[in-house]
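Here's final.pdb, which has PDB, C-alpha atoms and all ligand atoms:
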```
ATOM      1  CA  MET A   1       7.759   7.773 -58.832
ATOM      2  CA  PHE A   2       9.930   4.792 -59.720
ATOM      3  CA  THR A   3       8.664   2.789 -56.763
ATOM      4  CA  THR A   4       5.049   3.521 -57.727
ATOM      5  CA  LEU A   5       5.676   2.378 -61.285
ATOM      6  CA  LYS A   6       7.304  -0.747 -59.927
ATOM      7  CA  ALA A   7       4.267  -1.358 -57.758
ATOM      8  CA  PHE A   8       1.841  -0.925 -60.657
ATOM      9  CA  PHE A   9       3.948  -3.318 -62.649
ATOM     10  CA  ALA A  10       3.598  -5.743 -59.728
ATOM     11  CA  LEU A  11      -0.187  -5.522 -59.865
ATOM     12  CA  PHE A  12      -0.162  -5.942 -63.634
ATOM     13  CA  LEU A  13       2.053  -8.999 -63.366
ATOM     14  CA  SER A  14      -0.057 -10.526 -60.618
ATOM     15  CA  LYS A  15      -3.159 -10.229 -62.828
ATOM     16  CA  PHE A  16      -1.380 -11.366 -65.936
ATOM     17  CA  LYS A  17       0.078 -14.457 -64.333
ATOM     18  CA  ARG A  18      -3.045 -14.994 -62.232
ATOM     19  CA  GLN A  19      -0.895 -15.082 -59.136
ATOM     20  CA  LYS A  20      -2.638 -14.646 -55.855
ATOM     21  CA  HIS A  21      -0.259 -11.918 -54.777
ATOM     22  CA  SER A  22       2.182  -9.705 -56.606
ATOM     23  CA  SER A  23       5.893 -10.185 -56.077
ATOM     24  CA  PRO A  24       6.831  -8.882 -52.615
ATOM     25  CA  ASP A  25      10.065  -7.315 -53.917
ATOM     26  CA  LEU A  26       8.141  -4.963 -56.159
ATOM     27  CA  ILE A  27       6.307  -3.233 -53.297
ATOM     28  CA  SER A  28       8.528  -0.594 -51.745
ATOM     29  CA  PRO A  29       8.461   1.059 -49.301
ATOM     30  CA  LYS A  30       6.425  -1.464 -47.373
ATOM     31  CA  PRO A  31       4.299  -0.626 -44.378
ATOM     32  CA  GLN A  32       5.631  -2.190 -41.188
ATOM     33  CA  HIS A  33       2.310  -2.169 -39.411
ATOM     34  CA  ILE A  34      -1.085  -2.326 -41.087
ATOM     35  CA  ALA A  35      -4.231  -1.579 -39.110
ATOM     36  CA  VAL A  36      -7.578  -2.541 -40.569
ATOM     37  CA  ILE A  37     -11.090  -1.402 -39.718
ATOM     38  CA  MET A  38     -13.017  -4.248 -41.283
ATOM     39  CA  ASP A  39     -16.399  -2.760 -42.065
ATOM     40  CA  GLY A  40     -19.361  -3.755 -44.214
ATOM     41  CA  ASN A  41     -20.090  -7.379 -43.306
ATOM     42  CA  GLY A  42     -23.745  -6.553 -42.677
ATOM     43  CA  ARG A  43     -24.214  -4.613 -45.909
ATOM     44  CA  TRP A  44     -22.481  -7.346 -47.854
ATOM     45  CA  ALA A  45     -24.835  -9.945 -46.359
ATOM     46  CA  ASN A  46     -27.861  -7.766 -47.160
ATOM     47  CA  SER A  47     -26.722  -7.420 -50.757
ATOM     48  CA  GLN A  48     -26.563 -11.225 -51.013
ATOM     49  CA  GLY A  49     -29.894 -11.817 -49.273
ATOM     50  CA  MET A  50     -28.040 -13.455 -46.390
ATOM     51  CA  SER A  51     -28.168 -12.932 -42.634
ATOM     52  CA  ARG A  52     -25.754 -10.473 -41.003
ATOM     53  CA  VAL A  53     -24.153 -13.413 -39.197
ATOM     54  CA  ALA A  54     -23.398 -15.049 -42.550
ATOM     55  CA  GLY A  55     -21.723 -11.765 -43.490
ATOM     56  CA  HIS A  56     -19.515 -11.954 -40.406
ATOM     57  CA  LYS A  57     -18.573 -15.534 -41.320
ATOM     58  CA  ARG A  58     -17.464 -14.384 -44.747
ATOM     59  CA  GLY A  59     -15.579 -11.629 -42.997
ATOM     60  CA  VAL A  60     -13.475 -14.262 -41.220
ATOM     61  CA  GLU A  61     -12.478 -15.681 -44.623
ATOM     62  CA  ALA A  62     -11.322 -12.222 -45.690
ATOM     63  CA  VAL A  63      -9.171 -12.034 -42.549
ATOM     64  CA  LYS A  64      -7.447 -15.285 -43.567
ATOM     65  CA  ASN A  65      -6.554 -13.712 -46.933
ATOM     66  CA  LEU A  66      -5.287 -10.630 -45.179
ATOM     67  CA  ILE A  67      -2.943 -12.687 -43.006
ATOM     68  CA  LYS A  68      -1.679 -14.552 -46.078
ATOM     69  CA  GLY A  69      -1.047 -11.230 -47.764
ATOM     70  CA  CYS A  70       0.941  -9.903 -44.818
ATOM     71  CA  LEU A  71       3.027 -13.079 -44.620
ATOM     72  CA  HIS A  72       3.636 -13.000 -48.361
ATOM     73  CA  HIS A  73       4.771  -9.392 -48.261
ATOM     74  CA  GLU A  74       6.708  -9.871 -45.023
ATOM     75  CA  ILE A  75       4.790  -7.204 -43.178
ATOM     76  CA  PRO A  76       5.647  -7.791 -39.510
ATOM     77  CA  TYR A  77       2.634  -6.224 -37.732
ATOM     78  CA  LEU A  78      -1.077  -6.456 -38.462
ATOM     79  CA  SER A  79      -3.923  -5.138 -36.305
ATOM     80  CA  ILE A  80      -7.571  -5.808 -37.003
ATOM     81  CA  PHE A  81     -10.599  -4.222 -35.382
ATOM     82  CA  ALA A  82     -12.867  -7.192 -34.706
ATOM     83  CA  PHE A  83     -15.207  -5.879 -32.008
ATOM     84  CA  SER A  84     -15.328  -2.337 -30.695
ATOM     85  CA  SER A  85     -16.275  -1.227 -27.211
ATOM     86  CA  GLU A  86     -19.305   0.359 -28.903
ATOM     87  CA  ASN A  87     -20.383  -2.848 -30.663
ATOM     88  CA  TRP A  88     -22.134  -4.025 -27.474
ATOM     89  CA  ASN A  89     -24.877  -1.628 -28.624
ATOM     90  CA  ARG A  90     -25.867  -4.095 -31.345
ATOM     91  CA  PRO A  91     -28.867  -6.423 -31.010
ATOM     92  CA  GLU A  92     -28.194  -9.152 -28.458
ATOM     93  CA  SER A  93     -28.524 -11.918 -31.047
ATOM     94  CA  GLU A  94     -25.806 -10.367 -33.228
ATOM     95  CA  VAL A  95     -23.467  -9.850 -30.267
ATOM     96  CA  LYS A  96     -24.023 -13.480 -29.266
ATOM     97  CA  ALA A  97     -23.275 -14.706 -32.789
ATOM     98  CA  LEU A  98     -20.103 -12.597 -32.900
ATOM     99  CA  MET A  99     -18.957 -14.110 -29.586
ATOM    100  CA  GLU A 100     -19.545 -17.598 -30.962
ATOM    101  CA  LEU A 101     -17.582 -16.759 -34.087
ATOM    102  CA  LEU A 102     -14.748 -15.467 -31.950
ATOM    103  CA  MET A 103     -14.750 -18.630 -29.880
ATOM    104  CA  THR A 104     -14.779 -20.861 -32.981
ATOM    105  CA  ALA A 105     -11.943 -18.878 -34.544
ATOM    106  CA  LEU A 106      -9.837 -19.165 -31.385
ATOM    107  CA  LYS A 107     -10.496 -22.921 -31.214
ATOM    108  CA  ASN A 108      -9.944 -23.681 -34.894
ATOM    109  CA  GLN A 109      -7.433 -21.175 -36.180
ATOM    110  CA  THR A 110      -4.758 -20.968 -33.497
ATOM    111  CA  LYS A 111      -2.895 -24.059 -34.711
ATOM    112  CA  LYS A 112      -2.803 -22.756 -38.275
ATOM    113  CA  LEU A 113      -1.560 -19.377 -37.081
ATOM    114  CA  ASP A 114       1.161 -21.103 -35.099
ATOM    115  CA  GLU A 115       2.212 -23.225 -38.101
ATOM    116  CA  ASN A 116       2.561 -20.038 -40.104
ATOM    117  CA  GLY A 117       4.721 -18.280 -37.542
ATOM    118  CA  VAL A 118       1.994 -15.866 -36.465
ATOM    119  CA  ARG A 119       1.861 -14.526 -32.925
ATOM    120  CA  LEU A 120      -1.676 -13.783 -31.819
ATOM    121  CA  ASN A 121      -2.133 -10.848 -29.489
ATOM    122  CA  LEU A 122      -5.645 -10.020 -28.336
ATOM    123  CA  ILE A 123      -6.014  -6.409 -27.315
ATOM    124  CA  GLY A 124      -8.932  -4.740 -25.565
ATOM    125  CA  ASP A 125     -10.783  -5.148 -22.304
ATOM    126  CA  LEU A 126     -11.034  -8.937 -22.250
ATOM    127  CA  SER A 127     -12.535  -8.954 -18.747
ATOM    128  CA  LYS A 128     -15.998  -8.310 -20.205
ATOM    129  CA  PHE A 129     -16.015 -11.592 -22.099
ATOM    130  CA  ASP A 130     -17.316 -14.966 -21.054
ATOM    131  CA  PRO A 131     -14.612 -16.760 -18.986
ATOM    132  CA  LYS A 132     -14.474 -19.504 -21.654
ATOM    133  CA  ILE A 133     -13.462 -16.933 -24.267
ATOM    134  CA  GLN A 134     -10.938 -15.392 -21.884
ATOM    135  CA  GLN A 135      -9.371 -18.797 -21.265
ATOM    136  CA  LEU A 136      -9.185 -19.629 -24.969
ATOM    137  CA  ALA A 137      -7.715 -16.200 -25.665
ATOM    138  CA  GLN A 138      -4.983 -16.619 -23.027
ATOM    139  CA  GLN A 139      -4.218 -20.120 -24.286
ATOM    140  CA  ALA A 140      -4.001 -18.974 -27.929
ATOM    141  CA  MET A 141      -1.654 -16.137 -26.946
ATOM    142  CA  ARG A 142       0.538 -18.527 -24.965
ATOM    143  CA  ASP A 143       0.576 -21.119 -27.780
ATOM    144  CA  THR A 144       1.754 -18.598 -30.346
ATOM    145  CA  ALA A 145       3.971 -16.428 -28.128
ATOM    146  CA  HIS A 146       7.206 -17.831 -29.609
ATOM    147  CA  ASN A 147       6.349 -16.707 -33.165
ATOM    148  CA  ASP A 148       7.737 -13.602 -34.783
ATOM    149  CA  LYS A 149       6.935 -13.652 -38.502
ATOM    150  CA  LEU A 150       3.773 -11.662 -37.984
ATOM    151  CA  ILE A 151       2.478 -10.047 -34.820
ATOM    152  CA  PHE A 152      -1.272 -10.204 -35.237
ATOM    153  CA  ASN A 153      -3.244  -7.921 -32.931
ATOM    154  CA  VAL A 154      -6.938  -8.666 -32.778
ATOM    155  CA  ALA A 155      -8.819  -5.841 -31.103
ATOM    156  CA  ILE A 156     -11.887  -7.019 -29.205
ATOM    157  CA  ASN A 157     -13.897  -4.858 -26.858
ATOM    158  CA  TYR A 158     -11.288  -2.320 -27.825
ATOM    159  CA  GLY A 159     -11.547   1.440 -27.999
ATOM    160  CA  GLY A 160      -8.759   3.931 -28.575
ATOM    161  CA  ARG A 161      -9.994   6.052 -25.682
ATOM    162  CA  TRP A 162     -10.056   3.003 -23.423
ATOM    163  CA  ASP A 163      -6.468   2.231 -24.421
ATOM    164  CA  VAL A 164      -5.270   5.758 -23.546
ATOM    165  CA  THR A 165      -7.320   5.822 -20.330
ATOM    166  CA  GLU A 166      -5.810   2.546 -19.143
ATOM    167  CA  ALA A 167      -2.327   3.830 -19.972
ATOM    168  CA  ALA A 168      -3.039   7.015 -17.986
ATOM    169  CA  LYS A 169      -4.170   4.967 -14.972
ATOM    170  CA  ARG A 170      -1.036   2.806 -15.038
ATOM    171  CA  ILE A 171       1.193   5.851 -15.320
ATOM    172  CA  ALA A 172      -0.647   7.593 -12.471
ATOM    173  CA  GLN A 173      -0.162   4.496 -10.322
ATOM    174  CA  LYS A 174       3.576   4.500 -11.049
ATOM    175  CA  VAL A 175       3.750   8.147  -9.961
ATOM    176  CA  VAL A 176       1.801   7.364  -6.775
ATOM    177  CA  ASP A 177       4.146   4.441  -6.090
ATOM    178  CA  GLY A 178       7.170   6.694  -6.586
ATOM    179  CA  GLU A 179       8.449   4.716  -9.609
ATOM    180  CA  LEU A 180       8.077   7.669 -11.942
ATOM    181  CA  SER A 181       8.080  11.445 -11.590
ATOM    182  CA  VAL A 182       5.645  13.698 -13.465
ATOM    183  CA  GLU A 183       8.585  15.323 -15.287
ATOM    184  CA  GLN A 184       9.658  11.933 -16.648
ATOM    185  CA  ILE A 185       6.344  11.410 -18.463
ATOM    186  CA  GLY A 186       6.816  11.805 -22.179
ATOM    187  CA  GLU A 187       5.048  10.559 -25.311
ATOM    188  CA  SER A 188       7.052   7.361 -25.239
ATOM    189  CA  THR A 189       5.890   6.722 -21.646
ATOM    190  CA  ILE A 190       2.312   6.696 -22.928
ATOM    191  CA  SER A 191       3.119   4.609 -26.020
ATOM    192  CA  GLN A 192       4.810   2.054 -23.777
ATOM    193  CA  GLU A 193       1.702   1.683 -21.631
ATOM    194  CA  LEU A 194      -0.688   1.129 -24.548
ATOM    195  CA  SER A 195      -1.834  -2.299 -25.693
ATOM    196  CA  THR A 196       0.626  -1.991 -28.585
ATOM    197  CA  ALA A 197       3.694  -1.350 -26.378
ATOM    198  CA  ASP A 198       6.970  -2.267 -28.127
ATOM    199  CA  GLN A 199       5.314  -2.228 -31.549
ATOM    200  CA  PRO A 200       5.777   0.371 -34.267
ATOM    201  CA  ASP A 201       2.756   2.613 -34.853
ATOM    202  CA  PRO A 202       0.574   1.587 -37.782
ATOM    203  CA  ASP A 203       1.828   3.294 -40.928
ATOM    204  CA  LEU A 204      -1.116   2.201 -43.058
ATOM    205  CA  LEU A 205      -4.693   2.215 -41.823
ATOM    206  CA  ILE A 206      -7.266   0.617 -44.110
ATOM    207  CA  ARG A 207     -11.028   1.020 -43.751
ATOM    208  CA  THR A 208     -13.480  -0.720 -46.027
ATOM    209  CA  SER A 209     -17.137  -0.058 -46.895
ATOM    210  CA  GLY A 210     -16.903   3.593 -47.899
ATOM    211  CA  GLU A 211     -16.997   5.002 -44.375
ATOM    212  CA  TYR A 212     -14.506   7.749 -43.620
ATOM    213  CA  ARG A 213     -14.052   7.563 -39.892
ATOM    214  CA  ILE A 214     -11.774   5.993 -37.321
ATOM    215  CA  SER A 215     -14.565   4.764 -34.985
ATOM    216  CA  ASN A 216     -12.332   4.942 -31.903
ATOM    217  CA  PHE A 217      -9.601   2.632 -33.274
ATOM    218  CA  MET A 218      -5.966   3.193 -32.238
ATOM    219  CA  LEU A 219      -6.429   6.927 -31.751
ATOM    220  CA  TRP A 220      -2.970   7.525 -30.327
ATOM    221  CA  GLN A 221      -1.124   5.067 -32.551
ATOM    222  CA  ALA A 222      -2.658   6.297 -35.825
ATOM    223  CA  ALA A 223      -1.262   9.831 -35.403
ATOM    224  CA  TYR A 224       0.819   9.550 -38.578
ATOM    225  CA  ALA A 225      -0.759   6.582 -40.330
ATOM    226  CA  GLU A 226      -1.580   6.851 -43.996
ATOM    227  CA  PHE A 227      -5.323   6.332 -44.386
ATOM    228  CA  TYR A 228      -6.666   4.163 -47.169
ATOM    229  CA  PHE A 229     -10.398   4.035 -47.745
ATOM    230  CA  THR A 230     -12.128   1.723 -50.165
ATOM    231  CA  ASP A 231     -15.785   1.264 -51.063
ATOM    232  CA  LEU A 232     -15.333  -2.512 -51.080
ATOM    233  CA  LEU A 233     -17.240  -4.248 -48.294
ATOM    234  CA  TRP A 234     -15.045  -6.272 -45.944
ATOM    235  CA  PRO A 235     -15.920  -9.745 -47.351
ATOM    236  CA  GLU A 236     -14.950  -8.422 -50.803
ATOM    237  CA  PHE A 237     -11.483  -7.342 -49.676
ATOM    238  CA  ASP A 238      -9.337  -9.903 -51.508
ATOM    239  CA  GLU A 239      -5.699 -10.280 -52.531
ATOM    240  CA  GLU A 240      -6.029  -7.787 -55.332
ATOM    241  CA  ALA A 241      -7.626  -5.215 -53.033
ATOM    242  CA  PHE A 242      -4.776  -5.725 -50.578
ATOM    243  CA  THR A 243      -2.177  -5.220 -53.307
ATOM    244  CA  GLN A 244      -3.973  -2.034 -54.411
ATOM    245  CA  ALA A 245      -3.769  -0.693 -50.864
ATOM    246  CA  LEU A 246      -0.040  -1.475 -50.709
ATOM    247  CA  ILE A 247       0.539   0.202 -54.052
ATOM    248  CA  LYS A 248      -1.294   3.289 -52.883
ATOM    249  CA  PHE A 249       0.903   3.322 -49.794
ATOM    250  CA  THR A 250       4.065   3.254 -51.930
ATOM    251  CA  SER A 251       2.882   6.395 -53.721
ATOM    252  CA  ARG A 252       2.228   8.440 -50.558
ATOM    253  CA  ASP A 253       4.557  11.196 -49.458
ATOM    254  CA  ARG A 254       5.265  10.826 -45.781
ATOM    255  CA  ARG A 255       6.432  14.220 -44.627
ATOM    256  CA  PHE A 256       5.915  14.086 -40.846
ATOM    257  CA  GLY A 257       5.528  17.840 -40.731
ATOM    258  CA  ASN A 258       8.581  18.576 -42.837
ATOM    259  CA  ALA A 259       8.550  20.944 -45.829
ATOM    260  CA  ILE A 260       7.959  19.144 -49.120
ATOM    261  CA  ASP A 261      11.278  20.466 -50.535
ATOM    262  CA  ASN A 262      13.107  18.804 -47.679
ATOM    263  CA  VAL A 263      11.706  15.328 -48.246
ATOM    264  CA  PRO A 264      13.837  13.126 -50.489
ATOM    265  CA  ASN A 265      11.969  11.559 -53.456
ATOM    266  CA  SER A 266       8.773  13.485 -52.711
ATOM    267  CA  LYS A 267       6.084  13.404 -55.351
ATOM    268  CA  PRO A 268       4.842  16.933 -56.081
TER     269      PRO A 268
HETATM  270  C1  LIG B   1     -17.966  -4.977 -39.503
HETATM  271  O1  LIG B   1     -19.105  -5.107 -40.269
HETATM  272  C2  LIG B   1     -17.853  -6.063 -38.463
HETATM  273  C3  LIG B   1     -18.069  -5.635 -37.077
HETATM  274  C4  LIG B   1     -18.212  -4.401 -36.655
HETATM  275  C5  LIG B   1     -18.103  -6.684 -36.068
HETATM  276  P1  LIG B   1     -20.477  -4.471 -39.822
HETATM  277  O2  LIG B   1     -21.246  -5.473 -39.051
HETATM  278  O3  LIG B   1     -20.258  -3.174 -39.136
HETATM  279  O4  LIG B   1     -21.191  -4.236 -41.235
HETATM  280  P2  LIG B   1     -22.144  -3.033 -41.623
HETATM  281  O5  LIG B   1     -21.416  -1.762 -41.335
HETATM  282  O6  LIG B   1     -23.397  -3.169 -40.814
HETATM  283  O7  LIG B   1     -22.387  -3.242 -43.092
HETATM  284  C1  LIG B   2     -16.028  -0.343 -36.526
HETATM  285  O1  LIG B   2     -17.111  -0.710 -37.331
HETATM  286  C2  LIG B   2     -15.721  -1.440 -35.553
HETATM  287  C3  LIG B   2     -15.208  -2.671 -36.146
HETATM  288  C4  LIG B   2     -14.837  -2.831 -37.391
HETATM  289  C5  LIG B   2     -15.065  -3.766 -35.224
HETATM  290  P1  LIG B   2     -18.580  -0.233 -36.936
HETATM  291  O2  LIG B   2     -19.457  -0.660 -38.058
HETATM  292  O3  LIG B   2     -18.949  -0.702 -35.585
HETATM  293  O4  LIG B   2     -18.399   1.341 -36.911
HETATM  294  P2  LIG B   2     -19.455   2.525 -36.980
HETATM  295  O5  LIG B   2     -20.462   2.271 -35.912
HETATM  296  O6  LIG B   2     -20.090   2.491 -38.326
HETATM  297  O7  LIG B   2     -18.652   3.772 -36.776
HETATM  298 MG    MG B   3     -20.263  -1.232 -39.734
END
```
Could you show the structure in this file as structure tokens?
Amino acid sequence: MFTTLKAFFALFLSKFKRQKHSSPDLISPKPQHIAVIMDGNGRWANSQGMSRVAGHKRGVEAVKNLIKGCLHHEIPYLSIFAFSSENWNRPESEVKALMELLMTALKNQTKKLDENGVRLNLIGDLSKFDPKIQQLAQQAMRDTAHNDKLIFNVAINYGGRWDVTEAAKRIAQKVVDGELSVEQIGESTISQELSTADQPDPDLLIRTSGEYRISNFMLWQAAYAEFYFTDLLWPEFDEEAFTQALIKFTSRDRRFGNAIDNVPNSKP
């Protein structure tokens, strides 16, 4: 209760003082890993009489704010869903425009990410992309590999089922090669073979645009994530919206299957 009040006070203060973000100390507990399904670029563009591509461009601006928010609040892991394995179903012209946006972002934003201590980690089946994009992606990952303020996973051609399938194949290969026995396979074996190996599971999963589904994002990793849904469209997701999501997180009871009476500080 106290932490929630503190968090509301933080939001109040941030509005009152017109600060971009509330004080990081007032948000507690903080998520360690935030996953975001950025949805609604197309609807936002339609509402503004703009093209869907213009909506995606505005979406990139919202991502910049999100990164700033994570750095400000010292949240060490951020994952965004930028292009799903199902998004190839979109009209060719939109897919092409999204690829160009991705390429531009890799070319223009990597330096800034590096300056801010952000490590870029592209996850997904990159082999389906144009070799130019693959090269830029590898370069951007190498250039930022020494950073540790924020691990920034960008999921492209990513699907949760793909992630688990690939992990299963690698594990099967290890068994075939005699490196691992079937009895040794546990949940952590699978977690360690996913694209998010060595990272904590997301504890907060945000989806914008009023849709209430996971759309094949981080299926395994989101097992115990707190879900936060907002009707805001992705380009509208600003600093205040981010703070609201954090505040909501502070008020959640995380019981992990335990009885409510057994959870310290639970909110009935
Ligand atoms: C999310 O916005 C961005 C991507 C999936 C690339 P959408 O493009 O899905 O926007 P809506 O859902 O059509 O409004
Ligand atoms: C999910 O959004 C994928 C990304 C945000 C990249 P979609 O707009 O593609 O999801 P659905 O099709 O509405 O489930
Ligand atoms: Mg959508």
Report as CSV the residues of chain A within 10 Å of ligand MG 3 (chain B), each with its shortest atom pair and distance in Å (one decimal), using all atoms listed in the file, ordered by chain and increasing residue number.
```
residue,atom,partner,partner_atom,distance
A:Ile37,CA,B:MG3,MG,9.2
A:Met38,CA,B:MG3,MG,8.0
A:Asp39,CA,B:MG3,MG,4.8
A:Gly40,CA,B:MG3,MG,5.2
A:Asn41,CA,B:MG3,MG,7.1
A:Gly42,CA,B:MG3,MG,7.0
A:Arg43,CA,B:MG3,MG,8.1
A:Asn87,CA,B:MG3,MG,9.2
A:Thr208,CA,B:MG3,MG,9.3
A:Ser209,CA,B:MG3,MG,7.9
A:Glu211,CA,B:MG3,MG,8.4
A:Ser215,CA,B:MG3,MG,9.5
A:Leu233,CA,B:MG3,MG,9.6
A:Trp234,CA,B:MG3,MG,9.5
```
Expected axis-aligned box over every listed atom of ligand LIG 2 (chain B), 5 Å added per side, centre plus edges in Å to one decimal, as lines of an AutoDock Vina configuration file:
```
center_x = -17.6
center_y = 0.0
center_z = -36.8
size_x = 15.6
size_y = 17.5
size_z = 13.1
```
Determine the residue membership of the PyMOL selection byres (((chain A and resi 238) around 10) and not hetatm) for the file above and supply it as a ChimeraX atom specification.
/A:20-21,61-66,69,232,234-237,239-244
From the set A:Asp201, A:Arg213, A:Leu98, A:Val154, which residue has the shortest atom-to-atom contact distance to Leu122 of chain A, counting only C-alpha atoms?
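Comparing A:Asp201, A:Arg213, A:Leu98, A:Val154 against Leu122 of chain A, the winner is A:Val154.
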Taking the file as I've supplied it (selection: the PyMOL selection byres (((chain A and resi 133-149) around 7) and not hetatm)), which residues are included? Please answer as number ranges by chain.
A: 76, 103, 106, 110, 114, 117-121, 126, 129-132, 150-151
Expected file: the selected residues, C-alpha atoms, as a JSON list (two decimals), in the coordinates of the input:
```json
[["chain", "number", "residue", "atom", "x", "y", "z"],
["A", 76, "PRO", "CA", 5.65, -7.79, -39.51],
["A", 103, "MET", "CA", -14.75, -18.63, -29.88],
["A", 106, "LEU", "CA", -9.84, -19.16, -31.38],
["A", 110, "THR", "CA", -4.76, -20.97, -33.50],
["A", 114, "ASP", "CA", 1.16, -21.10, -35.10],
["A", 117, "GLY", "CA", 4.72, -18.28, -37.54],
["A", 118, "VAL", "CA", 1.99, -15.87, -36.47],
["A", 119, "ARG", "CA", 1.86, -14.53, -32.92],
["A", 120, "LEU", "CA", -1.68, -13.78, -31.82],
["A", 121, "ASN", "CA", -2.13, -10.85, -29.49],
["A", 126, "LEU", "CA", -11.03, -8.94, -22.25],
["A", 129, "PHE", "CA", -16.02, -11.59, -22.10],
["A", 130, "ASP", "CA", -17.32, -14.97, -21.05],
["A", 131, "PRO", "CA", -14.61, -16.76, -18.99],
["A", 132, "LYS", "CA", -14.47, -19.50, -21.65],
["A", 150, "LEU", "CA", 3.77, -11.66, -37.98],
["A", 151, "ILE", "CA", 2.48, -10.05, -34.82]]
```
Shortest interatomic distance to Leu219 of chain A - which of A:Thr165, A:Ser251, A:Gln184, A:Asn265, counting all atoms listed in the file
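Under the stated criterion, the closest residue is A:Thr165.
If all atoms listed in the file are the atoms counted, then among A:Phe256, A:Asn157, A:Ile34, A:Ser127 the closest residue to Ala82 of chain A is A:Asn157.
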Let me make sure I understand: among A:Ser79, A:Ser23, A:Asn216, A:Gln48, which one has the smallest atom-to-atom distance to Gly159 of chain A if we use only C-alpha atoms?
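Among A:Ser79, A:Ser23, A:Asn216, A:Gln48, it is A:Asn216 that comes nearest to Gly159 of chain A.
Atom CA of Phe217 of chain A is found 9.6 Å from atom O4 of ligand LIG 2 (chain B).
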Residue with smallest distance to ligand LIG 2 (chain B) - pool A:Lys174, A:Lys68, A:Arg255, A:Arg207, counting only C-alpha atoms and all ligand atoms:
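Closest to ligand LIG 2 (chain B) of all the choices is A:Arg207.
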Nearest to ligand LIG 1 (chain B) among A:Leu204, A:Ile27, A:Ala259, A:Leu102, with distances taken over all atoms listed in the file: which residue is it?
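For ligand LIG 1 (chain B), the nearest of the candidates is A:Leu102.
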So that I can see what lies close to segment 193-200 of chain A, please list as an MDAnalysis selection string the residues with an atom at most 6 Å from it, counting all atoms listed in the file and leaving out residues fewer than 3 positions away in the same chain.
chainID A and resid 163 167 190
Could those selected residues go to a file with C-alpha atoms, as a short mmCIF file (atom, residue, chain, number, x, y, z; two decimals), in the coordinates of the input?
```cif
data_model
loop_
_atom_site.label_atom_id
_atom_site.label_comp_id
_atom_site.auth_asym_id
_atom_site.auth_seq_id
_atom_site.Cartn_x
_atom_site.Cartn_y
_atom_site.Cartn_z
CA ASP A 163 -6.47 2.23 -24.42
CA ALA A 167 -2.33 3.83 -19.97
CA ILE A 190 2.31 6.70 -22.93
#
```
What is the distance between atom CA of Arg252 of chain A and atom CA of Phe229 of chain A, in Å to one decimal?
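These two atoms are separated by 13.7 Å.
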Quick one: distance from atom CA of Gly178 of chain A to atom CA of Met218 of chain A in Å, one decimal?
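So the two atoms, atom CA of Gly178 of chain A and atom CA of Met218 of chain A, lie 29.0 Å apart.
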